[in-house]
$ cat upload.pdb   # PDB, C-alpha atoms and all ligand atoms
ATOM      1  CA  MET S   1     280.602 173.237  23.685  1.00  0.00           C
ATOM      2  CA  LYS S   2     278.203 172.631  26.548  1.00  0.00           C
ATOM      3  CA  VAL S   3     274.856 170.908  26.481  1.00  0.00           C
ATOM      4  CA  THR S   4     272.597 170.469  29.523  1.00  0.00           C
ATOM      5  CA  TRP S   5     269.963 167.744  29.772  1.00  0.00           C
ATOM      6  CA  LYS S   6     267.388 168.500  32.450  1.00  0.00           C
ATOM      7  CA  LEU S   7     265.810 165.358  33.826  1.00  0.00           C
ATOM      8  CA  HIS S   8     262.278 164.834  35.033  1.00  0.00           C
ATOM      9  CA  ASP S   9     263.451 164.531  38.655  1.00  0.00           C
ATOM     10  CA  GLY S  10     265.259 167.879  38.602  1.00  0.00           C
ATOM     11  CA  ARG S  11     268.752 166.529  38.054  1.00  0.00           C
ATOM     12  CA  GLU S  12     270.883 167.974  35.293  1.00  0.00           C
ATOM     13  CA  ILE S  13     273.573 166.350  33.197  1.00  0.00           C
ATOM     14  CA  VAL S  14     276.050 168.768  31.636  1.00  0.00           C
ATOM     15  CA  ALA S  15     278.518 167.582  29.035  1.00  0.00           C
ATOM     16  CA  ASP S  16     281.014 168.875  26.507  1.00  0.00           C
ATOM     17  CA  VAL S  17     279.794 167.977  23.031  1.00  0.00           C
ATOM     18  CA  ALA S  18     281.937 168.326  19.917  1.00  0.00           C
ATOM     19  CA  ALA S  19     280.624 170.018  16.790  1.00  0.00           C
ATOM     20  CA  GLY S  20     279.183 167.501  14.361  1.00  0.00           C
ATOM     21  CA  THR S  21     277.979 165.105  17.065  1.00  0.00           C
ATOM     22  CA  THR S  22     274.273 164.366  17.141  1.00  0.00           C
ATOM     23  CA  LEU S  23     272.604 165.057  20.450  1.00  0.00           C
ATOM     24  CA  LYS S  24     271.327 161.479  20.456  1.00  0.00           C
ATOM     25  CA  ASP S  25     274.923 160.204  20.388  1.00  0.00           C
ATOM     26  CA  ALA S  26     275.963 162.780  23.000  1.00  0.00           C
ATOM     27  CA  GLY S  27     273.068 161.837  25.268  1.00  0.00           C
ATOM     28  CA  MET S  28     273.860 158.132  25.047  1.00  0.00           C
ATOM     29  CA  ALA S  29     277.589 158.744  25.590  1.00  0.00           C
ATOM     30  CA  ASN S  30     276.747 160.615  28.785  1.00  0.00           C
ATOM     31  CA  ASN S  31     274.224 158.057  30.047  1.00  0.00           C
ATOM     32  CA  VAL S  32     271.282 160.430  29.887  1.00  0.00           C
ATOM     33  CA  PRO S  33     268.250 158.397  31.032  1.00  0.00           C
ATOM     34  CA  HIS S  34     265.517 157.766  28.457  1.00  0.00           C
ATOM     35  CA  ILE S  35     267.785 158.572  25.499  1.00  0.00           C
ATOM     36  CA  LEU S  36     267.918 155.096  24.013  1.00  0.00           C
ATOM     37  CA  GLY S  37     268.429 155.700  20.310  1.00  0.00           C
ATOM     38  CA  GLU S  38     267.180 152.221  19.452  1.00  0.00           C
ATOM     39  CA  CYS S  39     267.150 152.735  15.676  1.00  0.00           C
ATOM     40  CA  GLY S  40     270.661 154.155  15.601  1.00  0.00           C
ATOM     41  CA  GLY S  41     269.490 157.517  14.350  1.00  0.00           C
ATOM     42  CA  CYS S  42     267.553 156.505  11.235  1.00  0.00           C
ATOM     43  CA  MET S  43     264.448 158.232  12.562  1.00  0.00           C
ATOM     44  CA  SER S  44     262.181 155.270  13.133  1.00  0.00           C
ATOM     45  CA  CYS S  45     262.137 154.667  16.912  1.00  0.00           C
ATOM     46  CA  ALA S  46     261.469 158.029  18.620  1.00  0.00           C
ATOM     47  CA  THR S  47     263.476 156.833  21.651  1.00  0.00           C
ATOM     48  CA  CYS S  48     265.749 159.870  21.401  1.00  0.00           C
ATOM     49  CA  HIS S  49     262.923 162.326  22.148  1.00  0.00           C
ATOM     50  CA  VAL S  50     263.889 165.605  23.829  1.00  0.00           C
ATOM     51  CA  VAL S  51     262.107 168.881  24.414  1.00  0.00           C
ATOM     52  CA  VAL S  52     264.182 171.928  23.500  1.00  0.00           C
ATOM     53  CA  ASP S  53     264.216 174.646  26.164  1.00  0.00           C
ATOM     54  CA  PRO S  54     261.990 177.474  24.844  1.00  0.00           C
ATOM     55  CA  GLU S  55     264.940 179.897  24.883  1.00  0.00           C
ATOM     56  CA  TRP S  56     266.706 177.651  22.384  1.00  0.00           C
ATOM     57  CA  GLY S  57     263.746 176.872  20.149  1.00  0.00           C
ATOM     58  CA  ALA S  58     264.670 179.345  17.428  1.00  0.00           C
ATOM     59  CA  ALA S  59     268.346 178.343  17.342  1.00  0.00           C
ATOM     60  CA  VAL S  60     267.543 174.649  17.043  1.00  0.00           C
ATOM     61  CA  GLY S  61     264.628 175.059  14.670  1.00  0.00           C
ATOM     62  CA  GLY S  62     261.691 172.784  14.100  1.00  0.00           C
ATOM     63  CA  PRO S  63     261.347 169.255  12.725  1.00  0.00           C
ATOM     64  CA  ASP S  64     260.923 168.478   9.040  1.00  0.00           C
ATOM     65  CA  ASP S  65     257.765 166.677   7.891  1.00  0.00           C
ATOM     66  CA  MET S  66     259.114 163.162   8.394  1.00  0.00           C
ATOM     67  CA  GLU S  67     260.451 163.914  11.870  1.00  0.00           C
ATOM     68  CA  ASN S  68     257.166 165.594  12.676  1.00  0.00           C
ATOM     69  CA  ASP S  69     255.321 162.356  11.857  1.00  0.00           C
ATOM     70  CA  ILE S  70     257.667 160.248  13.999  1.00  0.00           C
ATOM     71  CA  LEU S  71     257.234 162.683  16.899  1.00  0.00           C
ATOM     72  CA  ASP S  72     253.608 161.539  17.040  1.00  0.00           C
ATOM     73  CA  THR S  73     254.875 158.119  18.193  1.00  0.00           C
ATOM     74  CA  THR S  74     256.966 159.166  21.195  1.00  0.00           C
ATOM     75  CA  GLU S  75     256.358 157.311  24.443  1.00  0.00           C
ATOM     76  CA  ALA S  76     256.055 160.509  26.481  1.00  0.00           C
ATOM     77  CA  PRO S  77     253.557 162.866  24.832  1.00  0.00           C
ATOM     78  CA  ARG S  78     255.174 165.321  22.456  1.00  0.00           C
ATOM     79  CA  GLN S  79     255.316 168.969  23.426  1.00  0.00           C
ATOM     80  CA  GLU S  80     255.572 172.201  21.498  1.00  0.00           C
ATOM     81  CA  ASN S  81     259.370 172.094  21.238  1.00  0.00           C
ATOM     82  CA  SER S  82     259.760 168.324  20.959  1.00  0.00           C
ATOM     83  CA  ARG S  83     262.532 167.080  18.673  1.00  0.00           C
ATOM     84  CA  LEU S  84     264.276 163.828  17.914  1.00  0.00           C
ATOM     85  CA  SER S  85     267.781 164.363  19.230  1.00  0.00           C
ATOM     86  CA  CYS S  86     269.271 162.172  16.467  1.00  0.00           C
ATOM     87  CA  GLN S  87     268.228 164.948  14.088  1.00  0.00           C
ATOM     88  CA  ILE S  88     270.022 167.759  15.940  1.00  0.00           C
ATOM     89  CA  THR S  89     273.720 168.169  15.238  1.00  0.00           C
ATOM     90  CA  MET S  90     275.920 170.135  17.607  1.00  0.00           C
ATOM     91  CA  SER S  91     277.370 173.376  16.302  1.00  0.00           C
ATOM     92  CA  GLU S  92     278.848 176.615  17.645  1.00  0.00           C
ATOM     93  CA  ALA S  93     275.406 178.200  17.484  1.00  0.00           C
ATOM     94  CA  LEU S  94     274.101 175.659  20.011  1.00  0.00           C
ATOM     95  CA  ASP S  95     276.821 176.127  22.661  1.00  0.00           C
ATOM     96  CA  GLY S  96     274.973 176.250  26.004  1.00  0.00           C
ATOM     97  CA  LEU S  97     271.905 174.411  24.692  1.00  0.00           C
ATOM     98  CA  LYS S  98     269.416 173.141  27.249  1.00  0.00           C
ATOM     99  CA  LEU S  99     267.200 170.118  26.604  1.00  0.00           C
ATOM    100  CA  LEU S 100     264.472 168.631  28.740  1.00  0.00           C
ATOM    101  CA  VAL S 101     264.235 164.864  28.822  1.00  0.00           C
ATOM    102  CA  PRO S 102     260.622 163.672  28.998  1.00  0.00           C
ATOM    103  CA  GLN S 103     260.065 160.638  31.174  1.00  0.00           C
ATOM    104  CA  GLY S 104     259.845 157.682  28.821  1.00  0.00           C
TER     105      GLY S 104
HETATM  106  S1  LIG P   1     267.465 157.416  17.397  1.00  0.00           S
HETATM  107 FE1  LIG P   1     265.645 156.510  16.583  1.00  0.00          FE
HETATM  108  S2  LIG P   1     264.470 158.232  15.997  1.00  0.00           S
HETATM  109 FE2  LIG P   1     266.268 159.110  16.844  1.00  0.00          FE
END
$ encode --input "upload.pdb" --output "structure tokens" --more "lines below"
Ligand code: FES
Amino acid sequence: MKVTWKLHDGREIVADVAAGTTLKDAGMANNVPHILGECGGCMSCATCHVVVDPEWGAAVGGPDDMENDILDTTEAPRQENSRLSCQITMSEALDGLKLLVPQG
């Protein structure tokens, strides 16, 4: 299944991501800049911040309350579709997903 990370400078990184993989792990495995995942995915660092392409907002869904609080601590200001990519798990429904990577 394909995921595209759109970078601040216009470049795109496209990768095959297996179902069950978090998009934080997929981003790090594909050397996506600014996806650092410093806390390992335990939702305390906000260094896995991505902005979901508006077309994919409904499929991905919104953050829960705890994630919503952590999103207030991102280095780049949060946006309407901001998510922590450690909290998004790849599935068939997300094949073709596009994410924007805010400049950290
Ligand atoms: S990896 Fe730390 S909050 Fe996602």
$ atom_distance --input "upload.pdb" --atom1 "CA of Arg83 (chain S)" --atom2 "CA of Gln103 (chain S)"
14.3 Å
$ atom_distance --input "upload.pdb" --atom1 "CA of Val32 (chain S)" --atom2 "CA of Gln79 (chain S)"
19.2 Å
$ residues_near_ligand --input "upload.pdb" --ligand "ligand LIG 1 (chain P)" --cutoff "7 Å" --atoms "only C-alpha atoms and all ligand atoms" --output "mmCIF file with C-alpha atoms, in the coordinates of the input"
data_model
loop_
_atom_site.group_PDB
_atom_site.id
_atom_site.type_symbol
_atom_site.label_atom_id
_atom_site.label_comp_id
_atom_site.auth_asym_id
_atom_site.auth_seq_id
_atom_site.Cartn_x
_atom_site.Cartn_y
_atom_site.Cartn_z
ATOM 1 C CA LYS S 24 271.327 161.479 20.456
ATOM 2 C CA GLY S 37 268.429 155.700 20.310
ATOM 3 C CA GLU S 38 267.180 152.221 19.452
ATOM 4 C CA CYS S 39 267.150 152.735 15.676
ATOM 5 C CA GLY S 40 270.661 154.155 15.601
ATOM 6 C CA GLY S 41 269.490 157.517 14.350
ATOM 7 C CA CYS S 42 267.553 156.505 11.235
ATOM 8 C CA MET S 43 264.448 158.232 12.562
ATOM 9 C CA SER S 44 262.181 155.270 13.133
ATOM 10 C CA CYS S 45 262.137 154.667 16.912
ATOM 11 C CA ALA S 46 261.469 158.029 18.620
ATOM 12 C CA THR S 47 263.476 156.833 21.651
ATOM 13 C CA CYS S 48 265.749 159.870 21.401
ATOM 14 C CA LEU S 84 264.276 163.828 17.914
ATOM 15 C CA SER S 85 267.781 164.363 19.230
ATOM 16 C CA CYS S 86 269.271 162.172 16.467
ATOM 17 C CA GLN S 87 268.228 164.948 14.088
#
$ resolve_selection --input "upload.pdb" --expression "the PyMOL selection byres (((chain S and resi 12-20) around 9) and not hetatm)" --output "list in words"
Met1, Lys2, Val3, Thr4, Trp5, Lys6, Leu7, Asp9, Gly10, Arg11, Thr21, Thr22, Leu23, Ala26, Gly27, Asn30, Asn31, Val32, Thr89, Met90, Ser91, Glu92 and Asp95 of chain S
$ closest_residue --input "upload.pdb" --among "S:Ile70, S:Ala93, S:Ala59, S:Ala76" --to "Ile35 (chain S)" --atoms "all atoms listed in the file"
S:Ala76
$ closest_residue --input "upload.pdb" --among "S:Ile88, S:Asn81, S:Met28, S:Val50" --to "His8 (chain S)" --atoms "all atoms listed in the file"
S:Val50
$ closest_residue --input "upload.pdb" --among "S:Leu36, S:Val60, S:His49, S:Gly96" --to "Thr74 (chain S)" --atoms "only C-alpha atoms"
S:His49
$ resolve_selection --input "upload.pdb" --expression "the PyMOL selection byres (((chain S and resi 53) around 6) and not hetatm)" --output "JSON, numbers by chain"
{"S": [52, 54, 55, 56, 98, 99]}
$ atom_distance --input "upload.pdb" --atom1 "CA of Glu75 (chain S)" --atom2 "CA of Asp25 (chain S)"
19.2 Å
$ axis_aligned_box --input "upload.pdb" --around "region 70-88 of chain S" --padding-each-side "6 Å" --output "lines of an AutoDock Vina configuration file"
center_x = 261.8
center_y = 164.8
center_z = 20.2
size_x = 28.5
size_y = 26.9
size_z = 24.5
$ closest_residue --input "upload.pdb" --among "S:Ala29, S:Met66, S:Val51, S:Leu71" --to "Val101 (chain S)" --atoms "all atoms listed in the file"
S:Val51
